[in-house]
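What follows is protein.cif (mmCIF, C-alpha atoms and all ligand atoms).
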```cif
data_data
loop_
_atom_site.label_atom_id
_atom_site.label_comp_id
_atom_site.auth_asym_id
_atom_site.auth_seq_id
_atom_site.Cartn_x
_atom_site.Cartn_y
_atom_site.Cartn_z
CA MET A 1 -21.51 114.12 176.16
CA PRO A 2 -22.44 110.79 177.66
CA GLU A 3 -25.33 108.52 176.87
CA ILE A 4 -26.85 107.56 180.20
CA VAL A 5 -28.40 104.15 180.71
CA LEU A 6 -30.37 103.23 183.83
CA LYS A 7 -31.12 99.53 184.03
CA ASP A 8 -33.62 97.99 186.44
CA LEU A 9 -32.84 100.36 189.29
CA THR A 10 -34.47 99.71 192.65
CA LYS A 11 -34.35 101.81 195.79
CA SER A 12 -36.53 101.30 198.85
CA TYR A 13 -37.02 103.38 201.97
CA GLY A 14 -38.69 100.96 204.38
CA ASP A 15 -41.87 99.88 202.58
CA THR A 16 -41.68 102.73 200.06
CA LYS A 17 -40.28 101.82 196.66
CA ALA A 18 -38.80 105.07 195.35
CA ALA A 19 -37.41 103.15 192.35
CA ASP A 20 -39.01 99.88 191.32
CA GLY A 21 -37.33 98.50 188.21
CA LEU A 22 -36.58 101.91 186.73
CA SER A 23 -35.03 101.69 183.26
CA LEU A 24 -34.27 104.62 180.99
CA THR A 25 -31.83 105.53 178.21
CA VAL A 26 -30.95 109.17 177.72
CA LYS A 27 -29.12 109.80 174.46
CA ASP A 28 -25.99 111.87 174.03
CA GLY A 29 -26.99 115.58 174.09
CA GLU A 30 -30.66 114.82 174.63
CA TYR A 31 -32.96 116.97 176.79
CA ILE A 32 -35.26 114.56 178.58
CA CYS A 33 -38.05 115.49 180.96
CA ILE A 34 -39.06 113.00 183.61
CA LEU A 35 -42.68 113.83 184.33
CA GLY A 36 -44.68 112.42 187.20
CA PRO A 37 -46.73 113.31 190.25
CA THR A 38 -45.18 114.11 193.63
CA GLY A 39 -43.68 111.03 195.25
CA ALA A 40 -43.26 109.16 191.93
CA GLY A 41 -39.49 108.82 192.41
CA LYS A 42 -38.20 111.68 190.23
CA THR A 43 -35.71 113.18 192.69
CA THR A 44 -34.49 109.72 193.73
CA CYS A 45 -33.76 109.02 190.06
CA LEU A 46 -31.62 112.17 189.72
CA ARG A 47 -29.83 111.50 193.01
CA MET A 48 -28.91 107.99 191.85
CA ILE A 49 -27.54 109.34 188.56
CA CYS A 50 -25.24 111.86 190.25
CA GLY A 51 -24.26 109.44 193.02
CA LEU A 52 -25.90 111.18 196.00
CA THR A 53 -28.11 108.11 196.52
CA LYS A 54 -26.93 104.54 195.98
CA GLN A 55 -29.43 102.22 194.32
CA ASP A 56 -30.25 98.88 196.03
CA SER A 57 -29.86 97.03 192.74
CA GLY A 58 -29.58 97.71 189.02
CA GLU A 59 -26.92 99.47 186.99
CA ILE A 60 -26.13 103.01 185.85
CA THR A 61 -23.73 103.52 182.94
CA PHE A 62 -22.37 106.63 181.23
CA ASP A 63 -21.25 105.78 177.68
CA GLY A 64 -21.24 102.12 178.67
CA LYS A 65 -19.04 102.67 181.73
CA PRO A 66 -20.60 101.46 185.01
CA MET A 67 -20.86 104.29 187.54
CA ASP A 68 -21.05 102.04 190.58
CA LYS A 69 -17.57 102.78 191.85
CA VAL A 70 -17.23 106.25 190.34
CA PRO A 71 -17.47 108.90 193.09
CA ILE A 72 -19.79 111.91 192.77
CA SER A 73 -16.90 114.26 192.03
CA GLU A 74 -15.83 112.25 188.99
CA ARG A 75 -19.22 111.72 187.37
CA ARG A 76 -19.17 115.20 185.79
CA THR A 77 -22.80 115.81 186.60
CA THR A 78 -24.23 119.03 187.96
CA MET A 79 -27.54 119.27 189.76
CA LEU A 80 -29.72 122.35 189.82
CA SER A 81 -32.62 122.19 192.20
CA GLN A 82 -35.53 124.43 193.12
CA VAL A 83 -33.54 125.48 196.18
CA TYR A 84 -30.97 127.79 194.66
CA SER A 85 -28.26 127.29 197.30
CA LEU A 86 -26.20 130.28 196.28
CA PHE A 87 -23.47 131.27 198.72
CA PRO A 88 -24.90 134.34 200.54
CA PRO A 89 -21.60 136.15 201.23
CA MET A 90 -20.51 135.87 197.59
CA THR A 91 -21.47 138.13 194.69
CA VAL A 92 -23.00 136.78 191.47
CA TYR A 93 -19.54 136.74 189.92
CA GLU A 94 -17.97 134.92 192.86
CA ASN A 95 -20.76 132.36 192.96
CA VAL A 96 -20.30 131.52 189.29
CA MET A 97 -16.51 131.51 189.71
CA PHE A 98 -16.79 128.98 192.55
CA SER A 99 -16.23 125.81 190.56
CA PRO A 100 -13.42 127.09 188.30
CA SER A 101 -11.55 128.46 191.34
CA ILE A 102 -11.75 125.35 193.51
CA LYS A 103 -10.68 123.29 190.51
CA GLU A 104 -7.80 125.75 189.98
CA TRP A 105 -8.40 126.20 186.29
CA PRO A 106 -6.19 128.68 184.42
CA GLU A 107 -7.20 132.17 185.50
CA GLU A 108 -7.78 133.80 182.12
CA GLU A 109 -9.83 130.84 180.81
CA SER A 110 -11.91 130.76 183.99
CA LYS A 111 -12.68 134.47 183.71
CA GLN A 112 -13.78 134.08 180.12
CA LEU A 113 -15.96 131.08 180.94
CA VAL A 114 -17.59 132.79 183.92
CA LYS A 115 -18.21 135.96 181.93
CA SER A 116 -19.82 134.08 179.08
CA MET A 117 -22.05 132.05 181.44
CA ILE A 118 -23.17 135.21 183.24
CA LYS A 119 -23.94 136.83 179.89
CA MET A 120 -25.87 133.79 178.73
CA VAL A 121 -28.22 134.01 181.71
CA HIS A 122 -28.56 137.81 181.27
CA MET A 123 -26.96 138.61 184.62
CA ASP A 124 -24.14 140.78 183.26
CA GLN A 125 -25.65 143.92 184.82
CA LYS A 126 -25.69 142.30 188.28
CA VAL A 127 -22.24 140.73 188.69
CA GLN A 128 -21.44 142.64 191.89
CA GLN A 129 -24.80 142.03 193.62
CA TYR A 130 -25.26 139.58 196.49
CA PRO A 131 -27.97 136.87 196.49
CA HIS A 132 -30.19 138.79 198.95
CA GLU A 133 -30.24 141.72 196.48
CA LEU A 134 -31.62 139.53 193.68
CA SER A 135 -35.14 138.45 192.77
CA GLY A 136 -36.02 134.75 192.75
CA GLY A 137 -35.60 134.61 189.00
CA GLN A 138 -32.20 136.30 189.13
CA GLN A 139 -31.05 133.91 191.86
CA GLN A 140 -32.18 131.00 189.74
CA ARG A 141 -30.32 132.31 186.69
CA THR A 142 -27.18 132.73 188.79
CA ALA A 143 -27.50 129.21 190.13
CA LEU A 144 -27.84 128.00 186.56
CA ALA A 145 -24.74 129.91 185.46
CA ARG A 146 -22.84 128.45 188.40
CA ALA A 147 -24.01 124.95 187.48
CA LEU A 148 -22.96 125.47 183.87
CA ALA A 149 -19.56 127.02 184.67
CA SER A 150 -18.09 123.67 185.53
CA ASP A 151 -16.74 120.84 183.48
CA SER A 152 -19.99 118.93 183.81
CA LYS A 153 -21.28 116.90 180.91
CA VAL A 154 -24.61 116.01 182.46
CA LEU A 155 -27.14 118.56 183.67
CA LEU A 156 -29.62 117.31 186.26
CA LEU A 157 -32.52 119.69 186.91
CA ASP A 158 -34.87 119.07 189.81
CA GLU A 159 -38.01 121.18 189.29
CA PRO A 160 -35.71 124.10 188.49
CA LEU A 161 -38.52 126.53 187.61
CA ARG A 162 -40.98 125.63 190.34
CA ALA A 163 -40.41 128.65 192.59
CA LEU A 164 -40.54 131.25 189.83
CA ASP A 165 -43.47 133.44 188.91
CA ALA A 166 -45.46 132.39 185.86
CA ARG A 167 -44.07 134.87 183.35
CA LEU A 168 -40.43 134.21 184.23
CA ARG A 169 -41.07 130.50 184.24
CA LEU A 170 -42.25 130.63 180.63
CA GLU A 171 -39.26 132.75 179.62
CA LEU A 172 -36.72 130.51 181.33
CA ARG A 173 -38.18 127.35 179.80
CA LYS A 174 -36.87 128.42 176.42
CA GLU A 175 -33.54 129.75 177.70
CA LEU A 176 -32.74 126.76 179.84
CA LYS A 177 -33.14 124.27 177.04
CA SER A 178 -31.31 126.35 174.46
CA MET A 179 -28.38 126.85 176.86
CA ALA A 180 -28.15 123.14 177.58
CA LYS A 181 -28.30 122.38 173.86
CA GLU A 182 -25.75 125.05 173.02
CA MET A 183 -23.33 123.46 175.47
CA GLY A 184 -24.12 119.98 174.16
CA LEU A 185 -25.04 118.69 177.63
CA THR A 186 -27.05 115.55 178.24
CA SER A 187 -29.90 116.95 180.33
CA ILE A 188 -32.44 115.32 182.61
CA HIS A 189 -35.11 117.68 183.89
CA VAL A 190 -37.67 116.41 186.38
CA THR A 191 -41.01 118.13 186.74
CA HIS A 192 -44.61 117.51 187.72
CA ASP A 193 -45.75 120.21 185.28
CA GLN A 194 -47.15 118.70 182.08
CA ASP A 195 -46.94 121.93 180.07
CA GLU A 196 -43.31 122.41 181.02
CA ALA A 197 -42.44 118.86 179.91
CA LEU A 198 -44.44 119.10 176.68
CA GLU A 199 -42.82 122.37 175.76
CA MET A 200 -39.21 121.62 176.71
CA ALA A 201 -38.50 117.94 176.23
CA ASP A 202 -36.95 116.17 173.25
CA ARG A 203 -38.57 113.12 174.86
CA ILE A 204 -40.76 112.77 177.93
CA ALA A 205 -40.46 109.83 180.32
CA ILE A 206 -43.59 109.42 182.44
CA ILE A 207 -42.73 108.06 185.87
CA ARG A 208 -45.11 106.52 188.33
CA GLN A 209 -44.43 104.58 191.53
CA GLY A 210 -40.73 104.28 190.71
CA ARG A 211 -41.15 103.06 187.14
CA ILE A 212 -41.16 104.62 183.70
CA VAL A 213 -44.60 103.89 182.24
CA GLN A 214 -44.09 105.52 178.84
CA ILE A 215 -41.35 107.31 176.96
CA GLY A 216 -41.71 109.21 173.70
CA THR A 217 -41.69 112.60 172.04
CA PRO A 218 -44.15 115.10 173.51
CA MET A 219 -46.44 114.49 170.54
CA GLU A 220 -46.30 110.69 170.89
CA VAL A 221 -47.06 110.81 174.58
CA PHE A 222 -49.82 113.40 174.19
CA GLN A 223 -51.53 111.77 171.23
CA ASN A 224 -50.93 108.11 171.99
CA PRO A 225 -50.90 107.65 175.76
CA ALA A 226 -49.91 104.12 176.77
CA THR A 227 -52.16 103.91 179.84
CA PRO A 228 -55.21 105.69 181.29
CA PHE A 229 -52.86 107.26 183.85
CA VAL A 230 -50.78 108.88 181.10
CA ALA A 231 -53.93 109.97 179.24
CA ASN A 232 -55.12 111.69 182.38
CA PHE A 233 -51.82 113.11 183.62
CA VAL A 234 -50.49 114.45 180.31
CA GLY A 235 -53.33 116.64 179.12
CA ARG A 236 -56.41 116.15 181.27
CA SER A 237 -58.97 113.70 179.94
CA ASN A 238 -62.53 112.63 180.52
CA ILE A 239 -62.14 109.03 181.62
CA PHE A 240 -65.02 106.58 181.84
CA VAL A 241 -65.87 102.93 181.38
CA GLY A 242 -67.92 101.38 178.55
CA LYS A 243 -68.37 98.21 176.54
CA VAL A 244 -66.75 97.80 173.12
CA GLY A 245 -69.37 97.68 170.36
CA THR A 246 -69.07 97.16 166.61
CA SER A 247 -66.36 98.72 164.45
CA ASP A 248 -66.47 100.19 160.96
CA GLU A 249 -64.02 102.19 158.86
CA THR A 250 -64.61 105.38 160.93
CA GLY A 251 -63.88 103.83 164.33
CA THR A 252 -65.37 101.73 167.11
CA GLU A 253 -68.66 102.12 168.94
CA VAL A 254 -68.59 102.21 172.76
CA ILE A 255 -71.73 101.54 174.79
CA LEU A 256 -71.91 103.39 178.11
CA PRO A 257 -73.68 101.93 181.18
CA ASP A 258 -76.89 103.94 180.50
CA GLY A 259 -77.03 102.62 176.91
CA THR A 260 -75.64 105.79 175.31
CA LYS A 261 -73.43 105.05 172.31
CA VAL A 262 -70.29 107.09 171.73
CA ARG A 263 -67.41 106.55 169.30
CA SER A 264 -63.68 105.97 169.63
CA ARG A 265 -60.68 105.29 167.41
CA HIS A 266 -60.01 101.68 166.38
CA THR A 267 -58.97 99.26 169.11
CA ASP A 268 -57.42 95.83 169.58
CA LEU A 269 -60.06 95.06 172.20
CA SER A 270 -62.84 92.65 171.20
CA GLU A 271 -66.51 93.44 170.82
CA GLY A 272 -68.28 92.96 174.18
CA GLU A 273 -65.15 93.62 176.25
CA ASP A 274 -65.20 96.31 178.97
CA ALA A 275 -62.87 99.20 178.28
CA VAL A 276 -61.62 102.45 179.76
CA VAL A 277 -62.26 105.37 177.42
CA ALA A 278 -60.14 108.55 177.55
CA VAL A 279 -60.99 111.74 175.68
CA LYS A 280 -58.89 114.89 176.22
CA ILE A 281 -60.98 117.69 177.65
CA GLY A 282 -59.58 119.93 174.90
CA SER A 283 -61.01 117.56 172.27
CA THR A 284 -64.46 117.38 173.86
CA ARG A 285 -66.99 119.59 172.06
CA ILE A 286 -70.33 120.99 173.16
CA GLU A 287 -73.21 122.56 171.24
CA HIS A 288 -76.62 123.81 172.23
CA ILE A 289 -79.45 121.34 171.73
CA PRO A 290 -81.54 122.43 168.74
CA VAL A 291 -84.74 124.20 169.79
CA PRO A 292 -87.89 122.30 168.63
CA THR A 293 -89.61 123.94 165.65
CA GLU A 294 -92.91 123.28 163.92
CA GLU A 295 -91.10 121.34 161.18
CA VAL A 296 -88.90 119.42 163.63
CA PRO A 297 -90.87 119.18 166.91
CA ASN A 298 -88.57 116.53 168.41
CA PRO A 299 -85.02 117.02 167.18
CA LEU A 300 -83.09 113.78 167.58
CA MET A 301 -79.75 113.58 169.30
CA PRO A 302 -77.33 112.80 166.43
CA GLU A 303 -75.40 109.53 166.62
CA GLY A 304 -72.30 109.77 168.83
CA TYR A 305 -73.71 112.72 170.82
CA PHE A 306 -75.23 112.74 174.30
CA GLU A 307 -77.01 115.28 176.43
CA ALA A 308 -75.50 117.02 179.47
CA VAL A 309 -76.30 119.93 181.77
CA ILE A 310 -73.71 122.63 182.53
CA GLU A 311 -72.85 122.72 186.24
CA ARG A 312 -69.89 125.12 186.33
CA ILE A 313 -67.96 127.41 183.99
CA LEU A 314 -64.43 128.46 184.94
CA TYR A 315 -62.80 131.43 183.23
CA GLU A 316 -59.05 130.83 182.85
CA GLY A 317 -57.82 133.67 180.66
CA ALA A 318 -57.27 132.24 177.20
CA THR A 319 -59.57 129.29 177.85
CA ILE A 320 -62.70 128.35 179.76
CA THR A 321 -63.43 124.99 181.37
CA VAL A 322 -67.02 123.79 181.35
CA GLU A 323 -68.07 121.05 183.77
CA MET A 324 -71.24 119.10 183.04
CA SER A 325 -73.28 116.25 184.45
CA SER A 326 -75.08 113.65 182.36
CA SER A 327 -76.69 110.26 182.67
CA ALA A 328 -74.05 108.86 180.30
CA ILE A 329 -70.94 110.11 182.13
CA GLU A 330 -71.32 111.45 185.65
CA LEU A 331 -68.89 114.33 185.22
CA VAL A 332 -67.78 115.43 181.77
CA THR A 333 -65.49 118.39 181.23
CA CYS A 334 -64.48 120.38 178.18
CA LYS A 335 -62.00 123.17 177.52
CA LEU A 336 -62.95 125.87 175.05
CA PRO A 337 -61.42 129.12 173.80
CA ASN A 338 -62.49 132.10 175.93
CA ARG A 339 -64.53 133.62 173.07
CA LYS A 340 -67.10 130.90 173.85
CA PHE A 341 -67.62 132.29 177.36
CA ASP A 342 -70.79 134.19 176.46
CA ASP A 343 -72.23 131.26 174.48
CA PHE A 344 -72.95 129.07 177.52
CA SER A 345 -74.43 129.47 181.01
CA VAL A 346 -74.80 127.26 184.06
CA GLY A 347 -77.98 125.17 183.69
CA ASP A 348 -77.83 125.06 179.86
CA ARG A 349 -78.63 121.71 178.24
CA VAL A 350 -75.98 120.88 175.67
CA MET A 351 -74.97 118.08 173.30
CA VAL A 352 -71.52 116.59 173.97
CA SER A 353 -69.41 114.92 171.28
CA TRP A 354 -65.88 114.32 170.01
CA ALA A 355 -64.26 113.12 166.80
CA PRO A 356 -63.87 109.30 167.05
CA ASP A 357 -60.07 109.50 166.67
CA LYS A 358 -59.89 111.68 169.82
CA ALA A 359 -61.14 108.86 172.08
CA THR A 360 -58.67 106.13 173.06
CA LEU A 361 -59.68 102.76 174.49
CA PHE A 362 -57.67 100.86 177.10
CA ARG A 363 -58.10 97.44 178.67
CA ILE A 364 -59.49 97.76 182.24
CA PRO A 365 -56.36 97.97 184.43
CA GLU A 366 -55.82 95.07 186.85
CA CYS A 367 -55.51 97.47 189.79
CA GLY A 368 -58.90 99.04 188.99
CA ILE A 369 -59.59 102.43 187.47
CA VAL A 370 -59.53 104.44 190.71
CA GLU A 371 -56.10 103.12 191.67
CA GLU A 372 -54.84 103.57 188.08
CA LEU A 373 -55.73 107.26 188.09
CA ARG A 374 -54.46 108.02 191.58
CA LEU A 375 -51.90 110.83 191.53
CA ASP A 376 -49.56 109.77 194.35
P1 LIG A 401 -40.60 112.86 193.65
O1 LIG A 401 -39.31 113.56 193.36
O2 LIG A 401 -41.21 112.28 192.41
O3 LIG A 401 -41.58 113.70 194.40
P2 LIG A 401 -39.01 111.25 195.48
O4 LIG A 401 -37.96 110.60 194.66
O5 LIG A 401 -38.60 112.47 196.25
O6 LIG A 401 -40.28 111.59 194.57
O7 LIG A 401 -39.61 110.21 196.51
C1 LIG A 401 -40.16 108.96 196.12
C2 LIG A 401 -40.67 108.25 197.36
O8 LIG A 401 -39.57 107.90 198.20
C3 LIG A 401 -41.58 109.12 198.21
O9 LIG A 401 -42.59 108.31 198.75
C4 LIG A 401 -40.66 109.65 199.29
O10 LIG A 401 -41.37 109.93 200.48
C5 LIG A 401 -39.69 108.50 199.48
N1 LIG A 401 -38.35 108.98 199.87
C6 LIG A 401 -37.48 109.68 199.11
N2 LIG A 401 -36.34 109.95 199.77
C7 LIG A 401 -36.50 109.41 201.01
C8 LIG A 401 -35.66 109.34 202.17
N3 LIG A 401 -34.42 109.89 202.19
N4 LIG A 401 -36.14 108.71 203.25
C9 LIG A 401 -37.37 108.15 203.24
N5 LIG A 401 -38.22 108.15 202.18
C10 LIG A 401 -37.77 108.79 201.07
#
```
Structure re-expressed in structure tokens:
Amino acid sequence: MPEIVLKDLTKSYGDTKAADGLSLTVKDGEYICILGPTGAGKTTCLRMICGLTKQDSGEITFDGKPMDKVPISERRTTMLSQVYSLFPPMTVYENVMFSPSIKEWPEEESKQLVKSMIKMVHMDQKVQQYPHELSGGQQQRTALARALASDSKVLLLDEPLRALDARLRLELRKELKSMAKEMGLTSIHVTHDQDEALEMADRIAIIRQGRIVQIGTPMEVFQNPATPFVANFVGRSNIFVGKVGTSDETGTEVILPDGTKVRSRHTDLSEGEDAVVAVKIGSTRIEHIPVPTEEVPNPLMPEGYFEAVIERILYEGATITVEMSSSAIELVTCKLPNRKFDDFSVGDRVMVSWAPDKATLFRIPECGIVEELRLD
């Protein structure tokens, strides 16, 4: 299956740059997720790959062959979007048979292919049903089978799971990827859902304002975000500004505007420089402040800790999110397992901390921190 290379693609709609120097290499047989907020240019990227949208400049190649003059029908791509677009008067079987029949493939081979695709998406009990008789999930599976029952080598998925209910979405994440892998397709899946990308992708490309800002394995992107935007978008983070202090073998000290000292992993930034600090909310810990005793009437806040007051606790099923205010960081949030729910209440004074290697420092972005973190 082809290796796809996008080189310096640009595409503008009036003043809007839907692609602004977009470059990306998708390897043969790879399952890549393009992750970014709404309006980042994800759909435009897919449409340029399959030929529905023509880029203003830049080059797209499949296995080194420029696609510029290759019409949509010859690119051997198939696009599956959140809008299922099944043909209403056709049964499941007829929908999946659509491509083989218009391409006039040999009858017996086509039947076998269609049957196996329908089986793969677990629709073999529904072959004679019409789209209006199917649930959203079943329609989506049928659309997938129809997309796969073609001679396509490239699978383009535009938020394919967005309209499904949560349970089915989780189930189809696994199936979709394993089907694409089984068929050896080169797959590009766009989504704004971080969990979906982290779970499904061989590599994740983070897109923002028409550009790829980082590409790497889910673990690389999650653990070593390249920018504050990535740190915030892929796994929510507490993000705040401080001044770089001294370093030792355990990490670097960061001094917050109120004088509080916290710790981060090592940095290339120099002592005295302003920095953006990002700490994942899942890596932020809280403990109750020790109660004064006769022996220790004034327990000291240990180094690297600071005090905060709980403002809100949200129960989310497996986890809880605790929001706090403090003089060090205006709003600090942490995510804890739900068994901690009874340990904390609104109004509690707590000590906040994190392991130094969980805090990443970034140079202050030129556009300013508010603009950097903006999600559109
Ligand atoms: P995403 O898929 O990440 O939500 P899109 O690729 O759909 O982003 O859009 C990127 C930007 O380009 C958006 O600001 C969108 O409004 C604009 N855009 C996309 N397609 C068109 C179009 N056909 N006409 C005008 N503006 C468009």
Taking only residues of chain A that have an atom at most 8 Å from an atom of ligand LIG 401 (chain A), what is each one's shortest atom pair and its distance in Å to one decimal, using only C-alpha atoms and all ligand atoms, in chain and number order, as a Markdown table?
```
| residue | atom | partner | partner_atom | distance |
| --- | --- | --- | --- | --- |
| A:Ser12 | CA | A:LIG401 | O8 | 7.3 |
| A:Tyr13 | CA | A:LIG401 | N5 | 4.9 |
| A:Gly14 | CA | A:LIG401 | C9 | 7.4 |
| A:Thr16 | CA | A:LIG401 | O9 | 5.8 |
| A:Lys17 | CA | A:LIG401 | O8 | 6.3 |
| A:Ala18 | CA | A:LIG401 | O8 | 4.1 |
| A:Ala19 | CA | A:LIG401 | C1 | 7.5 |
| A:Gly36 | CA | A:LIG401 | O2 | 6.3 |
| A:Pro37 | CA | A:LIG401 | O2 | 6.0 |
| A:Thr38 | CA | A:LIG401 | O3 | 3.7 |
| A:Gly39 | CA | A:LIG401 | O3 | 3.5 |
| A:Ala40 | CA | A:LIG401 | O2 | 3.8 |
| A:Gly41 | CA | A:LIG401 | O4 | 3.3 |
| A:Lys42 | CA | A:LIG401 | O2 | 3.8 |
| A:Thr43 | CA | A:LIG401 | O1 | 3.7 |
| A:Thr44 | CA | A:LIG401 | O4 | 3.7 |
| A:Cys45 | CA | A:LIG401 | O4 | 6.4 |
| A:Asp158 | CA | A:LIG401 | O1 | 7.9 |
| A:Val190 | CA | A:LIG401 | O1 | 7.7 |
| A:His192 | CA | A:LIG401 | O2 | 7.8 |
| A:Ile207 | CA | A:LIG401 | O2 | 7.9 |
| A:Gln209 | CA | A:LIG401 | C1 | 7.6 |
| A:Gly210 | CA | A:LIG401 | C1 | 7.2 |
```
**Asked** Counting all atoms listed in the file, which of A:Cys33, A:Gln223, A:Thr217, A:Leu52 gets nearest to A:Asp193?
**Response**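 Under the stated criterion, the closest residue is A:Cys33.
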**Message:** For A:Lys126, find every residue with an atom within 10 Å (counting only C-alpha atoms), except residues of its own chain fewer than 3 positions away, and show them as a list of chain:residue names.
**Reply:**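 With the cut-off at 10 Å, the set is A:Thr91, A:Val92, A:Tyr93, A:Ile118, A:His122, A:Met123, A:Gln129, A:Tyr130, A:Glu133, A:Leu134, A:Gln138, A:Thr142.
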So that I have them on file, write out the residues from the current selection with C-alpha atoms, as an mmCIF file, in the frame of the given file.
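What ended up in result_39.cif:
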```
data_model
loop_
_atom_site.group_PDB
_atom_site.id
_atom_site.type_symbol
_atom_site.label_atom_id
_atom_site.label_comp_id
_atom_site.auth_asym_id
_atom_site.auth_seq_id
_atom_site.Cartn_x
_atom_site.Cartn_y
_atom_site.Cartn_z
ATOM 1 C CA THR A 91 -21.470 138.130 194.690
ATOM 2 C CA VAL A 92 -23.000 136.780 191.470
ATOM 3 C CA TYR A 93 -19.540 136.740 189.920
ATOM 4 C CA ILE A 118 -23.170 135.210 183.240
ATOM 5 C CA HIS A 122 -28.560 137.810 181.270
ATOM 6 C CA MET A 123 -26.960 138.610 184.620
ATOM 7 C CA GLN A 129 -24.800 142.030 193.620
ATOM 8 C CA TYR A 130 -25.260 139.580 196.490
ATOM 9 C CA GLU A 133 -30.240 141.720 196.480
ATOM 10 C CA LEU A 134 -31.620 139.530 193.680
ATOM 11 C CA GLN A 138 -32.200 136.300 189.130
ATOM 12 C CA THR A 142 -27.180 132.730 188.790
#
```
**Request:** Kindly extract all protein, DNA and RNA residues lying within 6 Å of the coordinates (-65.6, 96.3, 177.8) given in the file, considering all atoms listed in the file, and supply them as a list in words.
**Result:**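 Within 6 Å of (-65.6, 96.3, 177.8), the protein and nucleic acid residues are Gly242, Lys243, Val244, Gly272, Glu273, Asp274 and Ala275 of chain A.
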**Request:** Write out as number ranges by chain the residues lying within 10 Å of stretch 313-329 of chain A, counting all atoms listed in the file and excluding same-chain residues fewer than 4 positions away.
**Result:** A: 238-242, 255-262, 281-282, 286, 306-309, 333-341, 344-350, 352
Those same residues - C-alpha atoms - I'd like them written as a PDB file, in the frame of the given file.
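The result, written out as again00.pdb:
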```
ATOM      1  CA  ASN A 238     -62.530 112.630 180.520  1.00  0.00           C
ATOM      2  CA  ILE A 239     -62.140 109.030 181.620  1.00  0.00           C
ATOM      3  CA  PHE A 240     -65.020 106.580 181.840  1.00  0.00           C
ATOM      4  CA  VAL A 241     -65.870 102.930 181.380  1.00  0.00           C
ATOM      5  CA  GLY A 242     -67.920 101.380 178.550  1.00  0.00           C
ATOM      6  CA  ILE A 255     -71.730 101.540 174.790  1.00  0.00           C
ATOM      7  CA  LEU A 256     -71.910 103.390 178.110  1.00  0.00           C
ATOM      8  CA  PRO A 257     -73.680 101.930 181.180  1.00  0.00           C
ATOM      9  CA  ASP A 258     -76.890 103.940 180.500  1.00  0.00           C
ATOM     10  CA  GLY A 259     -77.030 102.620 176.910  1.00  0.00           C
ATOM     11  CA  THR A 260     -75.640 105.790 175.310  1.00  0.00           C
ATOM     12  CA  LYS A 261     -73.430 105.050 172.310  1.00  0.00           C
ATOM     13  CA  VAL A 262     -70.290 107.090 171.730  1.00  0.00           C
ATOM     14  CA  ILE A 281     -60.980 117.690 177.650  1.00  0.00           C
ATOM     15  CA  GLY A 282     -59.580 119.930 174.900  1.00  0.00           C
ATOM     16  CA  ILE A 286     -70.330 120.990 173.160  1.00  0.00           C
ATOM     17  CA  PHE A 306     -75.230 112.740 174.300  1.00  0.00           C
ATOM     18  CA  GLU A 307     -77.010 115.280 176.430  1.00  0.00           C
ATOM     19  CA  ALA A 308     -75.500 117.020 179.470  1.00  0.00           C
ATOM     20  CA  VAL A 309     -76.300 119.930 181.770  1.00  0.00           C
ATOM     21  CA  THR A 333     -65.490 118.390 181.230  1.00  0.00           C
ATOM     22  CA  CYS A 334     -64.480 120.380 178.180  1.00  0.00           C
ATOM     23  CA  LYS A 335     -62.000 123.170 177.520  1.00  0.00           C
ATOM     24  CA  LEU A 336     -62.950 125.870 175.050  1.00  0.00           C
ATOM     25  CA  PRO A 337     -61.420 129.120 173.800  1.00  0.00           C
ATOM     26  CA  ASN A 338     -62.490 132.100 175.930  1.00  0.00           C
ATOM     27  CA  ARG A 339     -64.530 133.620 173.070  1.00  0.00           C
ATOM     28  CA  LYS A 340     -67.100 130.900 173.850  1.00  0.00           C
ATOM     29  CA  PHE A 341     -67.620 132.290 177.360  1.00  0.00           C
ATOM     30  CA  PHE A 344     -72.950 129.070 177.520  1.00  0.00           C
ATOM     31  CA  SER A 345     -74.430 129.470 181.010  1.00  0.00           C
ATOM     32  CA  VAL A 346     -74.800 127.260 184.060  1.00  0.00           C
ATOM     33  CA  GLY A 347     -77.980 125.170 183.690  1.00  0.00           C
ATOM     34  CA  ASP A 348     -77.830 125.060 179.860  1.00  0.00           C
ATOM     35  CA  ARG A 349     -78.630 121.710 178.240  1.00  0.00           C
ATOM     36  CA  VAL A 350     -75.980 120.880 175.670  1.00  0.00           C
ATOM     37  CA  VAL A 352     -71.520 116.590 173.970  1.00  0.00           C
TER      38      VAL A 352
END
```
**Item:** Shell around A:Glu3 at 7 Å using only C-alpha atoms, local window under 3 positions removed, as a list in words
**Value:** Val26, Lys27, Asp28, Phe62 and Asp63 of chain A
